[in-house]
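**Q** start.csv is reproduced below (CSV, C-alpha atoms).
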```csv
chain,number,residue,atom,x,y,z
Q,1,MET,CA,22.5,40.1,188.2
Q,2,GLU,CA,21.9,36.6,187.0
Q,3,LEU,CA,22.1,33.2,188.7
Q,4,GLU,CA,22.7,30.2,186.6
Q,5,PHE,CA,20.5,27.3,187.6
Q,6,TRP,CA,21.8,23.9,186.4
Q,7,TYR,CA,19.3,21.1,186.7
Q,8,GLU,CA,18.5,17.6,185.4
Q,9,PHE,CA,15.0,16.4,184.8
Q,10,ALA,CA,15.4,13.1,186.7
Q,11,SER,CA,16.8,14.9,189.8
Q,12,THR,CA,14.6,14.8,192.9
Q,13,TYR,CA,16.1,17.8,194.7
Q,14,SER,CA,15.9,19.8,191.4
Q,15,TYR,CA,12.1,19.5,191.8
Q,16,LEU,CA,12.2,21.7,194.9
Q,17,THR,CA,14.3,24.3,193.2
Q,18,VAL,CA,12.3,24.3,190.0
Q,19,MET,CA,9.1,25.1,191.8
Q,20,ARG,CA,10.5,27.9,194.0
Q,21,ILE,CA,13.5,29.5,192.3
Q,22,GLU,CA,11.7,32.2,190.4
Q,23,ASP,CA,9.9,33.5,193.5
Q,24,VAL,CA,13.0,33.4,195.7
Q,25,ALA,CA,15.2,35.1,193.0
Q,26,ALA,CA,12.6,37.7,192.2
Q,27,ARG,CA,12.3,38.8,195.9
Q,28,GLU,CA,16.1,39.5,195.8
Q,29,GLY,CA,16.1,41.2,192.4
Q,30,ILE,CA,18.0,38.4,190.7
Q,31,SER,CA,17.2,36.9,187.4
Q,32,VAL,CA,17.6,33.2,186.6
Q,33,ARG,CA,19.3,31.6,183.6
Q,34,TRP,CA,17.8,28.0,183.3
Q,35,ARG,CA,20.5,25.5,182.3
Q,36,PRO,CA,19.2,22.0,181.7
Q,37,PHE,CA,21.9,19.3,181.4
Q,38,LEU,CA,22.3,15.6,181.8
Q,39,LEU,CA,23.7,14.0,184.9
Q,40,GLY,CA,23.9,10.5,183.2
Q,41,PRO,CA,27.3,11.1,181.5
Q,42,ILE,CA,28.7,12.8,184.6
Q,43,PHE,CA,27.6,9.9,186.8
Q,44,ALA,CA,28.9,7.4,184.2
Q,45,ALA,CA,32.4,9.1,184.4
Q,46,GLN,CA,32.3,8.4,188.2
Q,47,GLY,CA,31.5,4.7,187.5
Q,48,TRP,CA,27.8,4.9,188.3
Q,49,ASN,CA,25.2,3.5,185.9
Q,50,ASP,CA,22.2,4.4,188.1
Q,51,SER,CA,21.3,7.1,190.5
Q,52,PRO,CA,23.5,7.1,193.6
Q,53,PHE,CA,20.2,7.1,195.6
Q,54,ASN,CA,19.5,3.6,194.1
Q,55,ILE,CA,23.1,2.4,194.4
Q,56,TYR,CA,23.4,3.5,198.1
Q,57,PRO,CA,20.1,2.5,199.7
Q,58,ALA,CA,20.6,4.4,203.1
Q,59,LYS,CA,21.3,7.6,201.1
Q,60,GLY,CA,18.2,6.8,199.0
Q,61,ARG,CA,15.9,6.2,202.0
Q,62,TYR,CA,17.1,9.4,203.6
Q,63,MET,CA,16.6,11.4,200.4
Q,64,TRP,CA,12.9,10.3,199.9
Q,65,ARG,CA,12.1,11.2,203.5
Q,66,ASP,CA,14.0,14.5,203.3
Q,67,LEU,CA,12.3,15.4,200.1
Q,68,GLU,CA,8.9,14.9,201.6
Q,69,ARG,CA,9.8,16.9,204.6
Q,70,ARG,CA,11.2,19.8,202.6
Q,71,ALA,CA,8.3,19.8,200.1
Q,72,ASN,CA,6.0,20.0,203.1
Q,73,ALA,CA,8.0,22.9,204.6
Q,74,TYR,CA,7.8,24.8,201.3
Q,75,GLY,CA,4.1,24.0,200.9
Q,76,LEU,CA,4.8,22.1,197.6
Q,77,PRO,CA,2.8,19.1,196.6
Q,78,PHE,CA,4.9,15.9,196.3
Q,79,ARG,CA,4.2,12.3,195.5
Q,80,ARG,CA,7.0,9.7,195.3
Q,81,PRO,CA,7.2,8.5,191.7
Q,82,THR,CA,6.6,4.8,191.2
Q,83,ARG,CA,9.7,4.8,189.0
Q,84,PHE,CA,13.0,6.4,189.7
Q,85,PRO,CA,15.0,7.8,188.0
Q,86,ARG,CA,13.0,8.5,184.9
Q,87,ASN,CA,14.8,9.2,181.6
Q,88,GLY,CA,15.1,13.0,181.2
Q,89,LEU,CA,16.8,13.0,177.8
Q,90,LEU,CA,13.8,14.0,175.7
Q,91,ALA,CA,12.6,16.6,178.2
Q,92,ALA,CA,16.1,18.1,178.3
Q,93,ARG,CA,16.3,18.3,174.5
Q,94,THR,CA,12.9,19.9,174.5
Q,95,ALA,CA,14.1,22.3,177.2
Q,96,VAL,CA,16.9,23.4,174.9
Q,97,VAL,CA,14.3,24.3,172.3
Q,98,ALA,CA,12.2,26.0,175.0
Q,99,SER,CA,15.3,28.1,176.0
Q,100,ASP,CA,15.8,29.3,172.5
Q,101,GLU,CA,12.1,30.2,172.3
Q,102,GLY,CA,11.6,31.7,175.7
Q,103,TRP,CA,9.3,29.2,177.4
Q,104,CYS,CA,11.9,27.0,179.3
Q,105,PRO,CA,10.7,27.8,182.9
Q,106,SER,CA,7.0,26.9,182.3
Q,107,PHE,CA,7.9,23.8,180.4
Q,108,THR,CA,10.4,22.7,183.1
Q,109,ARG,CA,7.9,23.2,185.9
Q,110,ALA,CA,5.2,21.2,184.0
Q,111,VAL,CA,7.6,18.3,183.5
Q,112,PHE,CA,8.7,18.2,187.1
Q,113,ARG,CA,5.1,18.4,188.2
Q,114,ALA,CA,4.3,15.5,185.9
Q,115,ASN,CA,7.1,13.4,187.4
Q,116,PHE,CA,7.1,14.3,191.1
Q,117,VAL,CA,3.4,15.1,191.7
Q,118,GLU,CA,1.4,13.3,189.0
Q,119,ASP,CA,3.7,10.2,188.6
Q,120,ARG,CA,3.7,10.4,184.8
Q,121,GLU,CA,6.3,8.7,182.6
Q,122,ILE,CA,8.2,11.8,181.4
Q,123,GLY,CA,10.6,9.6,179.4
Q,124,ASP,CA,7.8,8.9,176.9
Q,125,ALA,CA,7.4,11.2,173.9
Q,126,ALA,CA,3.5,10.9,174.2
Q,127,VAL,CA,3.7,12.3,177.8
Q,128,VAL,CA,6.1,15.1,176.8
Q,129,LYS,CA,3.6,15.9,173.9
Q,130,GLU,CA,0.8,16.1,176.4
Q,131,ILE,CA,2.8,18.4,178.7
Q,132,LEU,CA,3.6,20.7,175.8
Q,133,ALA,CA,-0.2,20.9,175.1
Q,134,GLU,CA,-0.9,21.7,178.7
Q,135,ILE,CA,1.4,24.7,178.5
Q,136,GLY,CA,-0.1,25.8,175.2
Q,137,ARG,CA,2.6,24.6,172.8
Q,138,VAL,CA,2.2,22.6,169.6
Q,139,GLY,CA,3.8,19.3,170.6
Q,140,ASP,CA,4.7,17.9,167.2
Q,141,GLU,CA,6.6,21.0,166.3
Q,142,ALA,CA,8.6,21.2,169.5
Q,143,LEU,CA,9.4,17.5,169.4
Q,144,ALA,CA,10.5,17.7,165.8
Q,145,ARG,CA,12.9,20.5,166.8
Q,146,ALA,CA,14.0,18.6,169.9
Q,147,GLY,CA,15.1,15.7,167.7
Q,148,ALA,CA,17.3,17.9,165.4
Q,149,ASP,CA,21.0,17.5,165.4
Q,150,ASP,CA,21.8,21.1,166.5
Q,151,VAL,CA,19.6,20.6,169.6
Q,152,LYS,CA,21.3,17.3,170.5
Q,153,HIS,CA,24.7,19.0,170.1
Q,154,ALA,CA,23.6,22.0,172.2
Q,155,LEU,CA,22.5,19.7,175.0
Q,156,ARG,CA,25.8,17.7,174.8
Q,157,ALA,CA,27.8,20.9,174.9
Q,158,GLN,CA,25.8,22.2,177.9
Q,159,THR,CA,26.5,18.9,179.7
Q,160,GLU,CA,30.2,19.1,178.9
Q,161,LYS,CA,30.2,22.7,180.2
Q,162,ALA,CA,28.6,21.5,183.4
Q,163,GLN,CA,31.3,19.0,183.8
Q,164,ALA,CA,34.0,21.6,183.1
Q,165,LEU,CA,32.5,23.8,185.7
Q,166,GLY,CA,33.0,21.0,188.3
Q,167,ILE,CA,29.3,20.2,188.5
Q,168,PHE,CA,28.7,16.7,189.9
Q,169,GLY,CA,25.0,16.9,191.0
Q,170,ALA,CA,21.8,18.8,190.6
Q,171,PRO,CA,20.5,21.3,191.3
Q,172,SER,CA,23.7,23.4,191.1
Q,173,PHE,CA,24.0,27.2,191.0
Q,174,LEU,CA,26.7,29.3,189.5
Q,175,ALA,CA,26.9,32.8,191.1
Q,176,GLY,CA,29.6,34.5,189.2
Q,177,ASP,CA,32.5,32.1,189.4
Q,178,GLU,CA,31.2,30.4,192.5
Q,179,LEU,CA,29.5,27.0,192.5
Q,180,PHE,CA,26.8,26.0,195.0
Q,181,TRP,CA,25.2,22.5,195.1
Q,182,GLY,CA,21.8,21.5,196.4
Q,183,ASP,CA,18.4,23.1,196.7
Q,184,ASP,CA,19.3,23.8,200.3
Q,185,HIS,CA,22.0,26.2,199.1
Q,186,LEU,CA,19.9,28.3,196.7
Q,187,GLU,CA,19.5,31.2,199.2
Q,188,GLU,CA,23.3,31.1,199.9
Q,189,ALA,CA,24.0,31.3,196.2
Q,190,ILE,CA,21.7,34.3,195.8
Q,191,THR,CA,23.3,36.0,198.9
Q,192,TRP,CA,26.7,35.4,197.4
Q,193,LEU,CA,25.7,37.0,194.1
Q,194,ARG,CA,24.2,40.0,195.8
Q,195,GLU,CA,27.2,40.6,198.0
Q,196,ARG,CA,29.7,40.3,195.2
Q,197,LYS,CA,27.6,42.8,193.2
Q,198,GLY,CA,27.8,45.0,196.3
Q,199,ASP,CA,31.6,44.7,196.2
Q,200,ARG,CA,31.8,45.6,192.6
Q,201,ALA,CA,29.6,48.7,193.1
Q,202,SER,CA,31.7,50.0,196.0
Q,203,PRO,CA,34.6,52.4,195.1
G,204,MET,CA,14.8,18.2,224.8
G,205,GLU,CA,17.9,16.5,223.4
G,206,LEU,CA,19.4,16.5,220.0
G,207,GLU,CA,21.7,13.5,219.2
G,208,PHE,CA,24.8,14.7,217.3
G,209,TRP,CA,26.5,11.9,215.4
G,210,TYR,CA,30.0,12.7,214.2
G,211,GLU,CA,33.2,11.2,212.9
G,212,PHE,CA,36.6,12.7,213.7
G,213,ALA,CA,37.9,12.5,210.1
G,214,SER,CA,34.8,14.3,208.7
G,215,THR,CA,35.3,17.8,207.3
G,216,TYR,CA,31.7,19.0,207.7
G,217,SER,CA,31.6,17.7,211.2
G,218,TYR,CA,34.3,20.3,212.0
G,219,LEU,CA,31.8,23.1,211.4
G,220,THR,CA,29.1,21.5,213.6
G,221,VAL,CA,31.5,20.6,216.4
G,222,MET,CA,32.6,24.2,216.7
G,223,ARG,CA,29.1,25.8,216.7
G,224,ILE,CA,26.5,23.2,217.9
G,225,GLU,CA,26.6,24.1,221.6
G,226,ASP,CA,25.9,27.8,221.0
G,227,VAL,CA,23.2,27.1,218.4
G,228,ALA,CA,21.4,24.5,220.6
G,229,ALA,CA,21.7,26.6,223.8
G,230,ARG,CA,20.0,29.5,222.1
G,231,GLU,CA,17.1,27.3,221.4
G,232,GLY,CA,17.0,25.6,224.8
G,233,ILE,CA,18.1,22.3,223.4
G,234,SER,CA,20.8,20.0,225.0
G,235,VAL,CA,23.2,18.0,222.8
G,236,ARG,CA,24.1,14.3,223.2
G,237,TRP,CA,27.5,13.8,221.5
G,238,ARG,CA,27.7,10.5,219.7
G,239,PRO,CA,31.1,9.8,218.1
G,240,PHE,CA,31.1,6.9,215.7
G,241,LEU,CA,33.2,5.5,212.8
G,242,LEU,CA,32.3,6.2,209.2
G,243,GLY,CA,34.9,3.7,207.9
G,244,PRO,CA,32.8,0.5,208.4
G,245,ILE,CA,29.7,2.3,206.9
G,246,PHE,CA,31.7,3.4,203.9
G,247,ALA,CA,33.3,0.0,203.5
G,248,ALA,CA,29.8,-1.6,203.4
G,249,GLN,CA,29.1,0.7,200.5
G,250,GLY,CA,32.2,-0.5,198.7
G,251,TRP,CA,34.4,2.6,199.5
G,252,ASN,CA,37.8,2.2,201.0
G,253,ASP,CA,38.5,5.9,201.1
G,254,SER,CA,36.6,9.1,201.6
G,255,PRO,CA,34.1,9.7,198.8
G,256,PHE,CA,35.7,13.2,198.6
G,257,ASN,CA,38.9,11.5,197.4
G,258,ILE,CA,37.2,8.8,195.3
G,259,TYR,CA,35.1,11.5,193.4
G,260,PRO,CA,37.4,14.4,192.7
G,261,ALA,CA,34.7,16.9,191.6
G,262,LYS,CA,32.9,16.3,194.9
G,263,GLY,CA,36.1,16.7,196.8
G,264,ARG,CA,37.1,20.0,195.1
G,265,TYR,CA,33.6,21.4,195.8
G,266,MET,CA,33.7,20.3,199.4
G,267,TRP,CA,37.0,22.0,200.2
G,268,ARG,CA,35.9,25.3,198.7
G,269,ASP,CA,32.5,25.0,200.3
G,270,LEU,CA,34.1,24.3,203.7
G,271,GLU,CA,36.3,27.3,203.4
G,272,ARG,CA,33.3,29.5,202.4
G,273,ARG,CA,31.1,28.2,205.3
G,274,ALA,CA,33.9,28.4,207.9
G,275,ASN,CA,34.3,32.0,206.8
G,276,ALA,CA,30.6,32.7,207.1
G,277,TYR,CA,30.5,31.3,210.6
G,278,GLY,CA,33.7,33.2,211.6
G,279,LEU,CA,35.6,29.9,212.3
G,280,PRO,CA,39.3,29.5,211.6
G,281,PHE,CA,40.0,26.8,209.0
G,282,ARG,CA,43.1,25.4,207.3
G,283,ARG,CA,43.0,22.6,204.8
G,284,PRO,CA,44.8,19.7,206.3
G,285,THR,CA,47.8,18.4,204.4
G,286,ARG,CA,46.5,14.9,204.8
G,287,PHE,CA,42.9,13.8,204.4
G,288,PRO,CA,41.2,11.8,205.8
G,289,ARG,CA,43.1,11.3,209.0
G,290,ASN,CA,42.5,8.2,211.1
G,291,GLY,CA,40.0,9.0,213.8
G,292,LEU,CA,39.9,5.7,215.5
G,293,LEU,CA,42.0,6.5,218.6
G,294,ALA,CA,40.3,9.9,219.0
G,295,ALA,CA,36.9,8.2,218.8
G,296,ARG,CA,37.8,5.6,221.4
G,297,THR,CA,39.1,8.4,223.6
G,298,ALA,CA,35.8,10.3,223.1
G,299,VAL,CA,33.9,7.2,224.4
G,300,VAL,CA,36.0,7.5,227.6
G,301,ALA,CA,35.4,11.2,227.6
G,302,SER,CA,31.6,10.7,227.3
G,303,ASP,CA,31.6,8.4,230.3
G,304,GLU,CA,33.6,11.0,232.3
G,305,GLY,CA,31.8,14.1,231.1
G,306,TRP,CA,34.4,15.9,229.0
G,307,CYS,CA,33.5,14.8,225.5
G,308,PRO,CA,32.6,18.2,224.0
G,309,SER,CA,35.9,19.9,225.0
G,310,PHE,CA,38.0,17.0,223.9
G,311,THR,CA,36.2,16.7,220.6
G,312,ARG,CA,36.6,20.5,219.9
G,313,ALA,CA,40.3,20.2,220.6
G,314,VAL,CA,40.8,17.3,218.3
G,315,PHE,CA,38.9,19.0,215.4
G,316,ARG,CA,40.9,22.2,216.0
G,317,ALA,CA,44.1,20.1,215.8
G,318,ASN,CA,43.1,18.5,212.5
G,319,PHE,CA,41.3,21.4,210.7
G,320,VAL,CA,43.1,24.4,212.0
G,321,GLU,CA,46.5,23.3,213.2
G,322,ASP,CA,47.0,20.5,210.7
G,323,ARG,CA,48.2,18.0,213.3
G,324,GLU,CA,48.3,14.2,212.9
G,325,ILE,CA,45.3,13.3,215.1
G,326,GLY,CA,45.8,9.6,214.3
G,327,ASP,CA,49.0,9.5,216.3
G,328,ALA,CA,48.8,8.6,220.0
G,329,ALA,CA,51.4,11.2,220.8
G,330,VAL,CA,49.3,14.0,219.4
G,331,VAL,CA,46.1,12.7,221.1
G,332,LYS,CA,48.2,12.8,224.3
G,333,GLU,CA,49.2,16.4,223.7
G,334,ILE,CA,45.6,17.3,223.1
G,335,LEU,CA,44.5,15.7,226.3
G,336,ALA,CA,47.1,17.7,228.1
G,337,GLU,CA,45.8,20.9,226.5
G,338,ILE,CA,42.4,20.3,227.9
G,339,GLY,CA,43.8,19.5,231.3
G,340,ARG,CA,43.5,15.6,231.3
G,341,VAL,CA,46.2,13.1,232.2
G,342,GLY,CA,46.9,11.6,228.8
G,343,ASP,CA,48.3,8.3,229.9
G,344,GLU,CA,45.3,7.4,232.0
G,345,ALA,CA,42.8,8.4,229.3
G,346,LEU,CA,44.7,6.5,226.6
G,347,ALA,CA,45.0,3.4,228.7
G,348,ARG,CA,41.2,3.5,229.2
G,349,ALA,CA,40.7,4.1,225.4
G,350,GLY,CA,42.6,0.9,224.7
G,351,ALA,CA,40.4,-1.2,226.9
G,352,ASP,CA,38.1,-3.9,225.4
G,353,ASP,CA,34.9,-2.4,226.9
G,354,VAL,CA,35.7,0.9,225.2
G,355,LYS,CA,36.4,-0.8,221.9
G,356,HIS,CA,33.2,-2.7,222.1
G,357,ALA,CA,31.2,0.5,223.0
G,358,LEU,CA,32.5,2.3,220.0
G,359,ARG,CA,31.7,-0.7,217.8
G,360,ALA,CA,28.2,-0.8,219.2
G,361,GLN,CA,27.8,2.9,218.7
G,362,THR,CA,28.9,2.5,215.0
G,363,GLU,CA,26.4,-0.4,214.5
G,364,LYS,CA,23.7,1.7,216.0
G,365,ALA,CA,24.5,4.5,213.6
G,366,GLN,CA,24.2,2.1,210.7
G,367,ALA,CA,20.9,0.8,212.1
G,368,LEU,CA,19.5,4.3,212.3
G,369,GLY,CA,20.2,4.7,208.6
G,370,ILE,CA,23.2,7.1,209.1
G,371,PHE,CA,25.4,7.2,206.0
G,372,GLY,CA,27.5,10.3,206.6
G,373,ALA,CA,28.6,12.9,209.2
G,374,PRO,CA,27.5,15.0,210.8
G,375,SER,CA,24.0,13.6,211.3
G,376,PHE,CA,21.4,14.6,213.8
G,377,LEU,CA,18.6,12.6,215.4
G,378,ALA,CA,15.7,14.7,216.5
G,379,GLY,CA,13.3,12.2,218.1
G,380,ASP,CA,12.9,9.6,215.4
G,381,GLU,CA,13.9,12.0,212.6
G,382,LEU,CA,17.3,11.9,210.9
G,383,PHE,CA,18.9,15.0,209.4
G,384,TRP,CA,22.3,14.9,207.6
G,385,GLY,CA,24.8,17.7,207.1
G,386,ASP,CA,26.0,20.7,209.1
G,387,ASP,CA,23.7,22.8,206.9
G,388,HIS,CA,20.7,21.0,208.4
G,389,LEU,CA,21.6,21.5,212.1
G,390,GLU,CA,19.1,24.4,212.4
G,391,GLU,CA,16.4,22.4,210.7
G,392,ALA,CA,16.9,19.5,213.1
G,393,ILE,CA,16.6,21.8,216.1
G,394,THR,CA,13.5,23.4,214.7
G,395,TRP,CA,12.0,19.9,214.2
G,396,LEU,CA,12.8,18.9,217.8
G,397,ARG,CA,11.2,22.1,219.1
G,398,GLU,CA,8.1,21.9,217.0
G,399,ARG,CA,7.5,18.2,217.9
G,400,LYS,CA,7.9,19.1,221.6
G,401,GLY,CA,5.3,21.8,221.0
G,402,ASP,CA,3.0,19.2,219.5
G,403,ARG,CA,3.3,17.0,222.5
G,404,ALA,CA,2.7,19.8,224.9
G,405,SER,CA,-0.6,20.9,223.2
G,406,PRO,CA,-3.8,19.2,224.5
```
Go through the file and emit its structure as structure tokens.

**A**
Amino acid sequence: MELEFWYEFASTYSYLTVMRIEDVAAREGISVRWRPFLLGPIFAAQGWNDSPFNIYPAKGRYMWRDLERRANAYGLPFRRPTRFPRNGLLAARTAVVASDEGWCPSFTRAVFRANFVEDREIGDAAVVKEILAEIGRVGDEALARAGADDVKHALRAQTEKAQALGIFGAPSFLAGDELFWGDDHLEEAITWLRERKGDRASP
Amino acid sequence: MELEFWYEFASTYSYLTVMRIEDVAAREGISVRWRPFLLGPIFAAQGWNDSPFNIYPAKGRYMWRDLERRANAYGLPFRRPTRFPRNGLLAARTAVVASDEGWCPSFTRAVFRANFVEDREIGDAAVVKEILAEIGRVGDEALARAGADDVKHALRAQTEKAQALGIFGAPSFLAGDELFWGDDHLEEAITWLRERKGDRASP
């Protein structure tokens, strides 16, 4: 049984899920397919050229407080970044390479830690290269791959697929045909997947 | 210990909370203060002249499916209204009267049932009058009170207070000074209230 985990590197609530999804899923015998995509084009289609948390200040104030509360409840470190949102394009392209090569989860966690714990500028190639080194990768090679046309196309296709699935925010989860939105619905998505599997197994 | 429950009669997710909050709170020894307010002026201040679920169709499609799923999980009846959102102004004014007179919860549940189970036009005075009769009230008296200036002012003041508290959607919960948003965070708000009370009681 596999849960699809759709996330965007700039997304605050994705941070919570990135740090905890593998433990939560493993406890339930579920594997996770990591699906990086870009929210920018999806937001742009809704007429937003910035994060809704910046466009709507009351929503933004609530989100920062809520994120702090929830990180605390999960026992996760968290520091509010001095810049938000950071550009996740290069990280997302690199994550496409990482998916092909089997190191997407560790790379993703390192980037989210850099942004939401260490307040580093994940939009900069130099920072992404440092992060790659931290997880034992050769930065120049991965970044060269990340800049290739096939990788750009793959990320664009993944983002179009997200939109076609009805995804409008991150994190989102696809459990079979069923979509769940928000870190606070991770457990519900997993339960849904388990119960539907149960249905299929019954006579 | 008292949880403030802020809700709007047109709000879909408020339906879930309205139908379950008293049981959930009672199990935890918490009482509930019902706080009807209007989302319209708060949305208008954000530049929206309609529900965001209508303005952003992907969000809307998700909400209707999610609502159905969650109502089902709670064992609550639910039928998607043929019109959304319905005007909750008269119901909210009547709820202010009901608060003064001590019958706000039963009135509120009856209105939400009318809208989200029976698909009735809760914006019409005739329907509100029927609902009042269903809960054993004299409709003409309550509606006359609901049209009085002091009631209009009280609802306006309540809506301004919501905005001042940073409320931007419904349902919202105030647990002490702490704001929680969404039916899916009701339990978290109650836990917060209980644990803070625990803090205060310790030496």

**Q** Please build the interface table for chain G against chain Q with a cut-off of 12 Å, listing for each qualifying residue the nearest atom pair and the distance in Å to one decimal; count all atoms listed in the file, order rows by chain and increasing number, and write it as a tab-separated table.

**A**
```
residue	atom	partner	partner_atom	distance
G:Ile245	CA	Q:Ala58	CA	10.1
G:Phe246	CA	Q:Tyr56	CA	10.1
G:Ala247	CA	Q:Tyr56	CA	11.8
G:Ala248	CA	Q:Tyr56	CA	9.7
G:Gln249	CA	Q:Tyr56	CA	6.8
G:Gly250	CA	Q:Tyr56	CA	9.7
G:Trp251	CA	Q:Tyr56	CA	11.1
G:Pro255	CA	Q:Gln46	CA	10.8
G:Phe256	CA	Q:Phe168	CA	11.7
G:Asn257	CA	Q:Gln46	CA	11.7
G:Ile258	CA	Q:Gln46	CA	8.6
G:Tyr259	CA	Q:Gln46	CA	6.7
G:Pro260	CA	Q:Gln46	CA	9.1
G:Ala261	CA	Q:Gly166	CA	5.5
G:Lys262	CA	Q:Phe168	CA	6.5
G:Gly263	CA	Q:Gly166	CA	10.0
G:Arg264	CA	Q:Gly166	CA	8.0
G:Tyr265	CA	Q:Gly166	CA	7.5
G:Met266	CA	Q:Trp181	CA	9.8
G:Trp267	CA	Q:Leu179	CA	11.9
G:Arg268	CA	Q:Leu179	CA	9.1
G:Asp269	CA	Q:Phe180	CA	7.8
G:Leu270	CA	Q:Phe180	CA	11.5
G:Arg272	CA	Q:Glu178	CA	10.2
G:Arg273	CA	Q:Glu188	CA	9.9
G:Ala276	CA	Q:Glu188	CA	10.4
G:Ala365	CA	Q:Ala58	CA	11.2
G:Gln366	CA	Q:Ala58	CA	8.7
G:Ala367	CA	Q:Ala58	CA	9.7
G:Leu368	CA	Q:Ala58	CA	9.3
G:Gly369	CA	Q:Ala58	CA	5.5
G:Ile370	CA	Q:Ala58	CA	7.1
G:Phe371	CA	Q:Ala58	CA	6.3
G:Gly372	CA	Q:Lys59	CA	8.7
G:Ser375	CA	Q:Tyr62	CA	11.2
G:Glu381	CA	Q:Arg65	CA	9.3
G:Leu382	CA	Q:Tyr62	CA	7.7
G:Phe383	CA	Q:Asp66	CA	7.8
G:Trp384	CA	Q:Tyr62	CA	8.6
G:Gly385	CA	Q:Asp184	CA	10.7
G:Asp386	CA	Q:Asp184	CA	11.5
G:Asp387	CA	Q:Asp184	CA	8.0
G:His388	CA	Q:Asp184	CA	8.7
G:Glu391	CA	Q:Arg70	CA	10.0
G:Ala392	CA	Q:Arg69	CA	11.4
G:Thr394	CA	Q:Ala73	CA	11.5
G:Trp395	CA	Q:Arg69	CA	10.3
```

**Q** Of the residues G:Tyr210, G:Tyr216, G:Phe376, G:Phe319, which is the one nearest to Leu396 in chain G, using all atoms listed in the file?

**A** G:Phe376

**Q** Using Å and a single decimal, report how far CA of Leu89 in chain Q sits from CA of Leu132 in chain Q.

**A** 15.4 Å

**Q** Write out as a list in words which residues come within 9 Å of Ala91 in chain Q when counting all atoms listed in the file, dropping same-chain ones fewer than 3 positions away.

**A**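 The residues satisfying every condition are Phe9, Asn87, Gly88, Thr94, Ala95, Val96, Phe107, Thr108, Val111, Ile122, Gly123, Ala125, Val128 and Ala146 of chain Q.
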
**Q** Find the residues around Glu333 in chain G up to 8 Å (all atoms listed in the file counted), leave out those fewer than 4 positions away in its own chain, and share them as a list of chain:residue names.

**A**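 Here the answer would be G:Ala329, G:Glu337, G:Gly342.
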